[in-house]
>>> print(open('final.cif').read())   # mmCIF, C-alpha atoms
data_my_file
loop_
_atom_site.label_atom_id
_atom_site.label_comp_id
_atom_site.auth_asym_id
_atom_site.auth_seq_id
_atom_site.Cartn_x
_atom_site.Cartn_y
_atom_site.Cartn_z
CA MET A 58 63.80 -18.99 -31.23
CA MET A 59 63.68 -17.52 -34.73
CA LEU A 60 61.00 -14.96 -35.51
CA ARG A 61 59.97 -14.36 -39.11
CA VAL A 62 59.43 -10.61 -39.61
CA GLY A 63 57.24 -8.79 -42.11
CA ILE A 64 57.54 -5.03 -42.47
CA GLY A 65 54.58 -2.94 -43.61
CA GLY A 66 56.02 0.29 -44.98
CA PHE A 67 59.55 0.54 -46.32
CA GLY A 68 60.52 4.15 -45.63
CA ALA A 69 63.11 5.43 -43.17
CA ILE A 70 62.06 3.22 -40.26
CA GLY A 71 61.22 0.08 -42.22
CA GLN A 72 64.43 0.13 -44.21
CA ALA A 73 66.59 0.71 -41.12
CA VAL A 74 65.02 -2.23 -39.30
CA ALA A 75 65.23 -4.45 -42.38
CA THR A 76 68.91 -3.58 -42.79
CA ALA A 77 69.63 -4.53 -39.18
CA ILE A 78 67.83 -7.86 -39.56
CA ASP A 79 69.58 -8.67 -42.82
CA ALA A 80 72.95 -7.84 -41.25
CA GLY A 81 72.44 -10.67 -38.79
CA MET A 82 70.16 -9.65 -35.92
CA GLU A 83 70.10 -12.80 -33.82
CA GLY A 84 66.74 -14.51 -33.62
CA PHE A 85 65.14 -12.73 -36.58
CA GLU A 86 64.59 -13.41 -40.26
CA LEU A 87 63.14 -10.92 -42.74
CA THR A 88 60.55 -12.83 -44.76
CA ALA A 89 58.38 -10.12 -46.38
CA VAL A 90 58.10 -6.38 -46.88
CA SER A 91 55.34 -4.22 -48.27
CA ALA A 92 55.53 -0.76 -49.81
CA GLY A 93 53.54 1.60 -51.99
CA ASN A 94 56.36 1.55 -54.53
CA ARG A 95 57.36 -2.08 -55.20
CA SER A 96 60.35 -1.30 -57.44
CA ARG A 97 61.80 1.15 -54.90
CA ALA A 98 61.43 -1.41 -52.10
CA GLU A 99 63.23 -3.99 -54.23
CA ALA A 100 65.98 -1.48 -55.08
CA ARG A 101 66.49 -0.68 -51.38
CA GLN A 102 67.26 -4.34 -50.81
CA ALA A 103 69.75 -4.53 -53.65
CA ASN A 104 72.71 -5.02 -51.30
CA PHE A 105 70.91 -7.32 -48.85
CA ARG A 106 72.28 -10.80 -48.31
CA ALA A 107 68.73 -12.19 -48.39
CA PRO A 108 66.24 -9.79 -49.99
CA ALA A 109 62.65 -10.36 -48.89
CA PRO A 110 59.75 -10.60 -51.33
CA VAL A 111 57.62 -7.47 -51.69
CA VAL A 112 53.99 -8.40 -51.00
CA SER A 113 50.70 -6.65 -50.33
CA LEU A 114 49.95 -5.22 -46.88
CA GLU A 115 47.13 -7.68 -46.37
CA THR A 116 49.33 -10.76 -46.95
CA LEU A 117 52.23 -9.81 -44.69
CA ALA A 118 50.81 -11.76 -41.78
CA THR A 119 50.54 -15.00 -43.79
CA ARG A 120 54.34 -15.14 -44.15
CA THR A 121 55.45 -14.02 -40.70
CA ASP A 122 55.38 -14.44 -36.94
CA LEU A 123 55.78 -10.70 -36.31
CA VAL A 124 54.38 -7.77 -38.28
CA LEU A 125 56.03 -4.37 -37.94
CA GLU A 126 53.85 -1.45 -39.04
CA CYS A 127 55.70 1.67 -40.18
CA ALA A 128 53.40 2.78 -42.98
CA PRO A 129 51.33 5.95 -43.40
CA PRO A 130 48.53 6.07 -40.77
CA ALA A 131 45.93 5.95 -43.56
CA VAL A 132 46.74 2.27 -44.21
CA PHE A 133 47.17 1.27 -40.57
CA GLU A 134 44.20 -1.10 -40.55
CA GLN A 135 45.43 -2.92 -43.66
CA VAL A 136 48.51 -3.93 -41.69
CA ALA A 137 47.00 -4.30 -38.22
CA LEU A 138 43.83 -6.29 -38.85
CA PRO A 139 45.38 -9.31 -40.61
CA ALA A 140 48.19 -9.45 -38.04
CA VAL A 141 45.74 -9.51 -35.13
CA GLU A 142 43.31 -11.90 -36.82
CA GLN A 143 46.10 -14.41 -37.46
CA GLY A 144 47.47 -14.21 -33.93
CA ARG A 145 50.79 -12.57 -34.78
CA ILE A 146 52.97 -10.25 -32.75
CA PHE A 147 52.02 -6.80 -34.01
CA VAL A 148 54.45 -3.89 -33.50
CA PRO A 149 52.93 -0.52 -34.51
CA THR A 150 54.90 2.69 -34.92
CA SER A 151 51.78 4.69 -35.89
CA VAL A 152 50.64 4.45 -32.28
CA GLY A 153 48.22 7.35 -32.67
CA ALA A 154 46.28 5.26 -35.20
CA LEU A 155 45.78 2.60 -32.53
CA LEU A 156 43.85 4.92 -30.17
CA PRO A 157 40.56 4.93 -32.13
CA ARG A 158 40.96 1.20 -32.79
CA MET A 159 41.32 -0.23 -29.29
CA SER A 160 38.93 -3.00 -30.34
CA LEU A 161 42.06 -4.54 -31.84
CA VAL A 162 43.29 -5.16 -28.30
CA ASP A 163 40.09 -7.01 -27.43
CA ARG A 164 40.34 -9.05 -30.60
CA ALA A 165 44.00 -9.86 -29.88
CA ARG A 166 42.94 -11.43 -26.57
CA GLU A 167 40.68 -13.77 -28.56
CA THR A 168 43.18 -14.69 -31.30
CA GLY A 169 46.32 -14.90 -29.16
CA ALA A 170 47.96 -11.94 -30.90
CA ARG A 171 50.24 -9.56 -28.99
CA ILE A 172 50.43 -5.81 -29.59
CA VAL A 173 53.84 -4.44 -28.59
CA VAL A 174 54.36 -0.66 -28.72
CA PRO A 175 58.00 0.50 -28.99
CA THR A 176 59.29 3.22 -26.69
CA GLY A 177 60.24 5.54 -29.55
CA ALA A 178 61.32 8.99 -28.37
CA LEU A 179 59.64 8.68 -24.97
CA LEU A 180 62.30 8.86 -22.28
CA GLY A 181 61.19 7.23 -19.03
CA LEU A 182 58.36 5.08 -20.35
CA ASP A 183 59.29 2.45 -17.75
CA ALA A 184 58.78 5.03 -14.99
CA VAL A 185 55.35 5.97 -16.34
CA ARG A 186 54.30 2.33 -16.51
CA ALA A 187 55.54 1.76 -12.96
CA ALA A 188 53.64 4.82 -11.71
CA ALA A 189 50.49 3.50 -13.40
CA GLU A 190 50.59 0.48 -11.09
CA GLY A 191 49.65 2.97 -8.38
CA THR A 192 47.70 6.20 -8.91
CA ILE A 193 48.71 8.82 -11.45
CA HIS A 194 47.05 12.16 -10.80
CA ARG A 195 48.17 14.09 -13.87
CA VAL A 196 50.25 13.71 -17.03
CA THR A 197 51.13 16.65 -19.26
CA MET A 198 53.25 16.78 -22.39
CA VAL A 199 54.55 19.81 -24.25
CA THR A 200 56.01 19.15 -27.69
CA ARG A 201 58.04 21.67 -29.68
CA LYS A 202 58.83 20.87 -33.28
CA PRO A 203 60.41 22.61 -36.26
CA PRO A 204 57.52 24.09 -38.28
CA ARG A 205 58.38 22.04 -41.39
CA SER A 206 57.76 18.81 -39.47
CA LEU A 207 54.19 19.92 -38.68
CA ALA A 208 53.29 21.33 -42.09
CA GLY A 209 50.28 19.62 -43.66
CA ALA A 210 48.89 18.16 -40.42
CA PRO A 211 45.09 17.79 -40.70
CA TYR A 212 44.44 19.99 -37.64
CA LEU A 213 46.46 22.86 -39.11
CA VAL A 214 44.77 22.55 -42.50
CA GLU A 215 41.27 22.42 -41.00
CA ASN A 216 41.92 25.48 -38.81
CA GLY A 217 43.83 27.50 -41.42
CA ILE A 218 47.03 27.65 -39.35
CA ASP A 219 50.11 28.50 -41.43
CA VAL A 220 53.44 27.50 -39.86
CA GLU A 221 55.64 27.96 -42.91
CA ARG A 222 56.91 31.50 -42.22
CA LEU A 223 56.95 31.84 -38.45
CA ALA A 224 59.18 34.39 -36.76
CA GLU A 225 58.53 33.04 -33.25
CA ALA A 226 57.07 29.98 -31.57
CA ILE A 227 53.29 29.57 -31.47
CA CYS A 228 51.08 27.03 -29.71
CA VAL A 229 49.12 25.33 -32.49
CA PHE A 230 47.23 22.81 -30.35
CA LYS A 231 46.13 22.27 -26.76
CA GLY A 232 43.93 19.38 -25.75
CA SER A 233 43.96 15.67 -24.99
CA ALA A 234 46.35 13.11 -26.44
CA ARG A 235 43.42 11.51 -28.25
CA GLU A 236 42.52 14.80 -29.96
CA GLY A 237 46.17 15.45 -30.75
CA ALA A 238 46.61 12.05 -32.36
CA ARG A 239 43.54 12.70 -34.50
CA GLY A 240 44.74 16.12 -35.65
CA PHE A 241 48.43 15.28 -36.02
CA PRO A 242 48.49 11.58 -37.02
CA ALA A 243 52.10 11.66 -38.25
CA ASN A 244 53.53 13.81 -35.47
CA VAL A 245 52.53 12.78 -31.96
CA ASN A 246 52.87 9.01 -31.74
CA VAL A 247 54.97 9.63 -28.64
CA ALA A 248 51.95 11.24 -26.94
CA ALA A 249 49.80 8.24 -27.84
CA ALA A 250 52.38 5.85 -26.36
CA LEU A 251 52.57 8.00 -23.22
CA SER A 252 48.80 7.92 -22.81
CA LEU A 253 48.64 4.13 -23.18
CA ALA A 254 51.41 3.67 -20.61
CA GLY A 255 49.81 6.07 -18.14
CA ILE A 256 46.29 7.36 -17.56
CA GLY A 257 44.77 7.04 -21.02
CA PRO A 258 44.39 9.28 -24.07
CA ASP A 259 41.54 11.40 -22.70
CA ARG A 260 43.24 12.42 -19.44
CA THR A 261 46.74 12.94 -20.88
CA GLU A 262 47.15 16.67 -21.58
CA LEU A 263 49.04 17.75 -24.70
CA GLU A 264 50.38 21.00 -26.11
CA ILE A 265 52.03 21.23 -29.54
CA TRP A 266 54.22 24.19 -30.47
CA ALA A 267 55.65 25.10 -33.86
CA ASP A 268 59.00 26.66 -33.00
CA PRO A 269 61.36 28.03 -35.68
CA ALA A 270 64.13 28.24 -33.07
CA VAL A 271 64.45 24.46 -32.64
CA ASP A 272 66.03 21.99 -35.06
CA ARG A 273 64.78 18.85 -33.36
CA ASN A 274 61.64 17.36 -31.82
CA CYS A 275 61.53 18.43 -28.17
CA HIS A 276 59.27 16.78 -25.60
CA ARG A 277 58.76 17.76 -21.97
CA ILE A 278 56.64 15.42 -19.88
CA GLU A 279 55.49 15.90 -16.29
CA VAL A 280 53.95 13.13 -14.25
CA GLU A 281 52.35 13.53 -10.84
CA ALA A 282 51.64 10.24 -9.07
CA ASP A 283 51.29 8.85 -5.58
CA THR A 284 54.71 7.17 -5.89
CA ALA A 285 56.72 9.92 -7.61
CA HIS A 286 56.68 13.28 -9.33
CA PHE A 287 59.04 13.41 -12.29
CA THR A 288 59.87 15.48 -15.34
CA LEU A 289 61.23 14.00 -18.55
CA GLU A 290 62.83 15.95 -21.39
CA THR A 291 64.06 14.76 -24.78
CA ALA A 292 65.35 16.54 -27.87
CA VAL A 293 65.39 14.17 -30.83
CA LEU A 294 66.86 14.98 -34.21
CA PRO A 295 64.34 14.58 -37.06
CA SER A 296 64.91 11.86 -39.60
CA GLU A 297 66.55 13.20 -42.77
CA GLU A 298 64.17 11.19 -44.93
CA ASN A 299 61.03 12.01 -42.95
CA PRO A 300 61.18 15.09 -40.69
CA ARG A 301 57.90 14.09 -39.02
CA THR A 302 59.66 11.26 -37.18
CA GLY A 303 62.75 11.21 -35.01
CA ARG A 304 66.02 9.47 -35.81
CA ILE A 305 65.75 7.50 -32.57
CA VAL A 306 62.54 5.73 -33.62
CA ALA A 307 64.19 3.08 -35.82
CA PRO A 308 66.81 2.19 -33.17
CA SER A 309 63.99 2.04 -30.62
CA VAL A 310 62.09 -0.44 -32.79
CA ILE A 311 65.22 -2.56 -33.21
CA ALA A 312 65.75 -2.57 -29.42
CA CYS A 313 62.08 -3.49 -28.94
CA LEU A 314 62.36 -6.46 -31.30
CA LYS A 315 65.57 -7.68 -29.67
CA SER A 316 63.88 -7.66 -26.26
CA LEU A 317 61.47 -10.32 -27.53
CA THR A 318 64.25 -12.90 -27.86
CA GLN A 319 67.03 -11.78 -25.51
CA THR A 320 68.02 -13.97 -22.60
CA LEU A 321 68.82 -10.87 -20.52
CA ARG A 322 66.28 -8.09 -20.85
CA VAL A 323 66.83 -4.75 -19.08
CA GLY A 324 63.78 -2.61 -18.41
CA THR A 325 60.14 -3.23 -17.53
#
>>> encode(input="final.cif", output="structure tokens")
Amino acid sequence: MMLRVGIGGFGAIGQAVATAIDAGMEGFELTAVSAGNRSRAEARQANFRAPAPVVSLETLATRTDLVLECAPPAVFEQVALPAVEQGRIFVPTSVGALLPRMSLVDRARETGARIVVPTGALLGLDAVRAAAEGTIHRVTMVTRKPPRSLAGAPYLVENGIDVERLAEAICVFKGSAREGARGFPANVNVAAALSLAGIGPDRTELEIWADPAVDRNCHRIEVEADTAHFTLETAVLPSEENPRTGRIVAPSVIACLKSLTQTLRVGT
């Protein structure tokens, strides 16, 4: 099976995935990309064996079987809606932007589309999904990030919280995963994925800390369920190109795509 892939957003994640496909990722063909800067997207494919045409976000789905979204959250719908309407496989990395748009899931059932969320930086997502087959009593997540990766988040701006010159760690947010995704749309996609795998965005508890002592994105997750009680910890290096996302996200997306065509698939 060969899947034609369109990538909406050609930054750190999109380019890494495109490079892997162009290098010969079995079962996949890059057929379109979209980016805010067309000339830059074309230049980033200069050494590709088969450069893909740069098209608008809205037309990605017309050229592909699978649409990968790795664009700014503000244009999420421009990528997601056409993919779902045309019955494509839709792979979002801006998972937080999916939470207020769960009607897309209902529409996907009608059109035959599939929405596949990559694991990203969430260690143990399989365990959370397995626990959700029984009863999960509580899920909490504490995220610590370098202050520069949080700078400019809408929640911080609205509440006048300055994280630029911190001498020690401060808790900048405490609430639900849904509220966190709204206030930090570029920072807590991992919390959104956790909530979808477990007990939902309103019951998943989230704390976000700006910590000048860390140089990576640190997540500690605790799950209490009738089948198990487990704690998960990850410390992911930020992407050099975009400190708001982890370096592991692009490899996670590549692994997610490969699982769609592999004969042997390991994991839930």
>>> closest_residue(input="final.cif", among="A:Val306, A:Val196, A:Ala154, A:Val293", to="Phe241 (chain A)", atoms="only C-alpha atoms")
A:Ala154
>>> closest_residue(input="final.cif", among="A:Ser309, A:Ser96, A:Thr325, A:Thr284", to="Ala188 (chain A)", atoms="all atoms listed in the file")
A:Thr284
>>> resolve_selection(input="final.cif", expression="the PyMOL selection byres ((chain A and resi 121-138) around 7)", output="PyMOL selection string")
chain A and resi 60-66+70-71+88+114-115+117-120+139-142+145-151+154+242
>>> write_last_selection(input="final.cif", atoms="C-alpha atoms", output="PDB file, keeping the file's coordinate frame")
ATOM      1  CA  LEU A  60      61.000 -14.960 -35.510  1.00  0.00           C
ATOM      2  CA  ARG A  61      59.970 -14.360 -39.110  1.00  0.00           C
ATOM      3  CA  VAL A  62      59.430 -10.610 -39.610  1.00  0.00           C
ATOM      4  CA  GLY A  63      57.240  -8.790 -42.110  1.00  0.00           C
ATOM      5  CA  ILE A  64      57.540  -5.030 -42.470  1.00  0.00           C
ATOM      6  CA  GLY A  65      54.580  -2.940 -43.610  1.00  0.00           C
ATOM      7  CA  GLY A  66      56.020   0.290 -44.980  1.00  0.00           C
ATOM      8  CA  ILE A  70      62.060   3.220 -40.260  1.00  0.00           C
ATOM      9  CA  GLY A  71      61.220   0.080 -42.220  1.00  0.00           C
ATOM     10  CA  THR A  88      60.550 -12.830 -44.760  1.00  0.00           C
ATOM     11  CA  LEU A 114      49.950  -5.220 -46.880  1.00  0.00           C
ATOM     12  CA  GLU A 115      47.130  -7.680 -46.370  1.00  0.00           C
ATOM     13  CA  LEU A 117      52.230  -9.810 -44.690  1.00  0.00           C
ATOM     14  CA  ALA A 118      50.810 -11.760 -41.780  1.00  0.00           C
ATOM     15  CA  THR A 119      50.540 -15.000 -43.790  1.00  0.00           C
ATOM     16  CA  ARG A 120      54.340 -15.140 -44.150  1.00  0.00           C
ATOM     17  CA  PRO A 139      45.380  -9.310 -40.610  1.00  0.00           C
ATOM     18  CA  ALA A 140      48.190  -9.450 -38.040  1.00  0.00           C
ATOM     19  CA  VAL A 141      45.740  -9.510 -35.130  1.00  0.00           C
ATOM     20  CA  GLU A 142      43.310 -11.900 -36.820  1.00  0.00           C
ATOM     21  CA  ARG A 145      50.790 -12.570 -34.780  1.00  0.00           C
ATOM     22  CA  ILE A 146      52.970 -10.250 -32.750  1.00  0.00           C
ATOM     23  CA  PHE A 147      52.020  -6.800 -34.010  1.00  0.00           C
ATOM     24  CA  VAL A 148      54.450  -3.890 -33.500  1.00  0.00           C
ATOM     25  CA  PRO A 149      52.930  -0.520 -34.510  1.00  0.00           C
ATOM     26  CA  THR A 150      54.900   2.690 -34.920  1.00  0.00           C
ATOM     27  CA  SER A 151      51.780   4.690 -35.890  1.00  0.00           C
ATOM     28  CA  ALA A 154      46.280   5.260 -35.200  1.00  0.00           C
ATOM     29  CA  PRO A 242      48.490  11.580 -37.020  1.00  0.00           C
TER      30      PRO A 242
END
>>> atom_distance(input="final.cif", atom1="CA of Gly303 (chain A)", atom2="CA of Thr76 (chain A)")
17.8 Å
>>> closest_residue(input="final.cif", among="A:Glu167, A:Glu215, A:Glu281, A:Glu298", to="Gln72 (chain A)", atoms="only C-alpha atoms")
A:Glu298
>>> resolve_selection(input="final.cif", expression="the PyMOL selection byres ((chain A and resi 107) around 10)", output="PyMOL selection string")
chain A and resi 78-80+86-88+102-106+108-110
>>> resolve_selection(input="final.cif", expression="the PyMOL selection byres ((chain A and resi 220-236) around 8)", output="VMD selection string")
chain A and resid 153 156 204 to 205 207 to 208 213 218 to 219 237 to 240 248 to 249 252 258 to 270
>>> closest_residue(input="final.cif", among="A:Leu294, A:Ile193, A:Ile278, A:Val271", to="Ile256 (chain A)", atoms="all atoms listed in the file")
A:Ile193
>>> residues_near_point(input="final.cif", point="(59.2, -0.6, -50.1)", cutoff="8 Å", atoms="only C-alpha atoms", output="PDB file with C-alpha atoms, keeping the file's coordinate frame")
ATOM      1  CA  GLY A  66      56.020   0.290 -44.980  1.00  0.00           C
ATOM      2  CA  PHE A  67      59.550   0.540 -46.320  1.00  0.00           C
ATOM      3  CA  GLY A  68      60.520   4.150 -45.630  1.00  0.00           C
ATOM      4  CA  GLN A  72      64.430   0.130 -44.210  1.00  0.00           C
ATOM      5  CA  VAL A  90      58.100  -6.380 -46.880  1.00  0.00           C
ATOM      6  CA  SER A  91      55.340  -4.220 -48.270  1.00  0.00           C
ATOM      7  CA  ALA A  92      55.530  -0.760 -49.810  1.00  0.00           C
ATOM      8  CA  GLY A  93      53.540   1.600 -51.990  1.00  0.00           C
ATOM      9  CA  ASN A  94      56.360   1.550 -54.530  1.00  0.00           C
ATOM     10  CA  ARG A  95      57.360  -2.080 -55.200  1.00  0.00           C
ATOM     11  CA  SER A  96      60.350  -1.300 -57.440  1.00  0.00           C
ATOM     12  CA  ARG A  97      61.800   1.150 -54.900  1.00  0.00           C
ATOM     13  CA  ALA A  98      61.430  -1.410 -52.100  1.00  0.00           C
ATOM     14  CA  GLU A  99      63.230  -3.990 -54.230  1.00  0.00           C
ATOM     15  CA  ARG A 101      66.490  -0.680 -51.380  1.00  0.00           C
ATOM     16  CA  VAL A 111      57.620  -7.470 -51.690  1.00  0.00           C
TER      17      VAL A 111
END
>>> atom_distance(input="final.cif", atom1="CA of Leu253 (chain A)", atom2="CA of Ala285 (chain A)")
18.5 Å
>>> atom_distance(input="final.cif", atom1="CA of Pro203 (chain A)", atom2="CA of Asp272 (chain A)")
5.8 Å
>>> residues_around(input="final.cif", residues="Leu182 (chain A)", least_positions_apart="6", cutoff="8 Å", atoms="only C-alpha atoms", output="ChimeraX atom specification")
/A:176,251,254
>>> closest_residue(input="final.cif", among="A:Arg301, A:Arg158, A:Ala189, A:Val247", to="Val174 (chain A)", atoms="all atoms listed in the file")
A:Val247
>>> closest_residue(input="final.cif", among="A:Leu161, A:Leu155, A:Ala307, A:Ala184", to="Ala69 (chain A)", atoms="only C-alpha atoms")
A:Ala307
>>> decode(input="final.cif", residues="region 80-99 of chain A", atoms="N, CA and C atoms", output="PDB file, in the first residue's frame")
ATOM      1  N   ALA A  80      13.564  10.330   1.524  1.00  0.00           N
ATOM      2  CA  ALA A  80      14.726   9.437   1.590  1.00  0.00           C
ATOM      3  C   ALA A  80      14.357   7.983   1.317  1.00  0.00           C
ATOM      4  N   GLY A  81      13.048   7.708   1.257  1.00  0.00           N
ATOM      5  CA  GLY A  81      12.643   6.353   0.913  1.00  0.00           C
ATOM      6  C   GLY A  81      11.876   5.627   1.989  1.00  0.00           C
ATOM      7  N   MET A  82      10.991   6.314   2.700  1.00  0.00           N
ATOM      8  CA  MET A  82      10.174   5.667   3.733  1.00  0.00           C
ATOM      9  C   MET A  82       9.151   4.765   3.040  1.00  0.00           C
ATOM     10  N   GLU A  83       9.285   3.478   3.270  1.00  0.00           N
ATOM     11  CA  GLU A  83       8.489   2.501   2.536  1.00  0.00           C
ATOM     12  C   GLU A  83       6.999   2.707   2.757  1.00  0.00           C
ATOM     13  N   GLY A  84       6.267   2.760   1.654  1.00  0.00           N
ATOM     14  CA  GLY A  84       4.821   2.874   1.719  1.00  0.00           C
ATOM     15  C   GLY A  84       4.289   4.293   1.657  1.00  0.00           C
ATOM     16  N   PHE A  85       5.200   5.273   1.503  1.00  0.00           N
ATOM     17  CA  PHE A  85       4.769   6.673   1.523  1.00  0.00           C
ATOM     18  C   PHE A  85       5.373   7.466   0.367  1.00  0.00           C
ATOM     19  N   GLU A  86       4.582   8.406  -0.119  1.00  0.00           N
ATOM     20  CA  GLU A  86       5.022   9.310  -1.185  1.00  0.00           C
ATOM     21  C   GLU A  86       4.598  10.727  -0.813  1.00  0.00           C
ATOM     22  N   LEU A  87       5.537  11.653  -0.844  1.00  0.00           N
ATOM     23  CA  LEU A  87       5.221  13.048  -0.551  1.00  0.00           C
ATOM     24  C   LEU A  87       4.673  13.699  -1.815  1.00  0.00           C
ATOM     25  N   THR A  88       3.399  14.140  -1.757  1.00  0.00           N
ATOM     26  CA  THR A  88       2.770  14.667  -2.962  1.00  0.00           C
ATOM     27  C   THR A  88       2.406  16.149  -2.877  1.00  0.00           C
ATOM     28  N   ALA A  89       2.472  16.743  -1.666  1.00  0.00           N
ATOM     29  CA  ALA A  89       2.172  18.173  -1.546  1.00  0.00           C
ATOM     30  C   ALA A  89       2.617  18.670  -0.178  1.00  0.00           C
ATOM     31  N   VAL A  90       3.042  19.923  -0.151  1.00  0.00           N
ATOM     32  CA  VAL A  90       3.337  20.591   1.118  1.00  0.00           C
ATOM     33  C   VAL A  90       2.713  21.980   1.062  1.00  0.00           C
ATOM     34  N   SER A  91       2.493  22.541   2.235  1.00  0.00           N
ATOM     35  CA  SER A  91       1.957  23.888   2.312  1.00  0.00           C
ATOM     36  C   SER A  91       2.726  24.646   3.375  1.00  0.00           C
ATOM     37  N   ALA A  92       2.955  25.930   3.130  1.00  0.00           N
ATOM     38  CA  ALA A  92       3.717  26.744   4.077  1.00  0.00           C
ATOM     39  C   ALA A  92       3.367  28.203   3.880  1.00  0.00           C
ATOM     40  N   GLY A  93       3.569  28.989   4.943  1.00  0.00           N
ATOM     41  CA  GLY A  93       3.315  30.420   4.853  1.00  0.00           C
ATOM     42  C   GLY A  93       4.280  31.103   3.905  1.00  0.00           C
ATOM     43  N   ASN A  94       5.487  30.566   3.805  1.00  0.00           N
ATOM     44  CA  ASN A  94       6.506  31.125   2.928  1.00  0.00           C
ATOM     45  C   ASN A  94       6.808  30.108   1.828  1.00  0.00           C
ATOM     46  N   ARG A  95       6.221  30.315   0.650  1.00  0.00           N
ATOM     47  CA  ARG A  95       6.348  29.353  -0.449  1.00  0.00           C
ATOM     48  C   ARG A  95       7.797  29.184  -0.897  1.00  0.00           C
ATOM     49  N   SER A  96       8.523  30.284  -1.067  1.00  0.00           N
ATOM     50  CA  SER A  96       9.902  30.185  -1.557  1.00  0.00           C
ATOM     51  C   SER A  96      10.796  29.443  -0.570  1.00  0.00           C
ATOM     52  N   ARG A  97      10.557  29.647   0.730  1.00  0.00           N
ATOM     53  CA  ARG A  97      11.368  28.938   1.732  1.00  0.00           C
ATOM     54  C   ARG A  97      11.070  27.443   1.689  1.00  0.00           C
ATOM     55  N   ALA A  98       9.788  27.083   1.535  1.00  0.00           N
ATOM     56  CA  ALA A  98       9.426  25.676   1.460  1.00  0.00           C
ATOM     57  C   ALA A  98      10.057  25.017   0.234  1.00  0.00           C
ATOM     58  N   GLU A  99      10.094  25.744  -0.869  1.00  0.00           N
ATOM     59  CA  GLU A  99      10.728  25.202  -2.073  1.00  0.00           C
ATOM     60  C   GLU A  99      12.232  25.054  -1.869  1.00  0.00           C
TER      61      GLU A  99
END
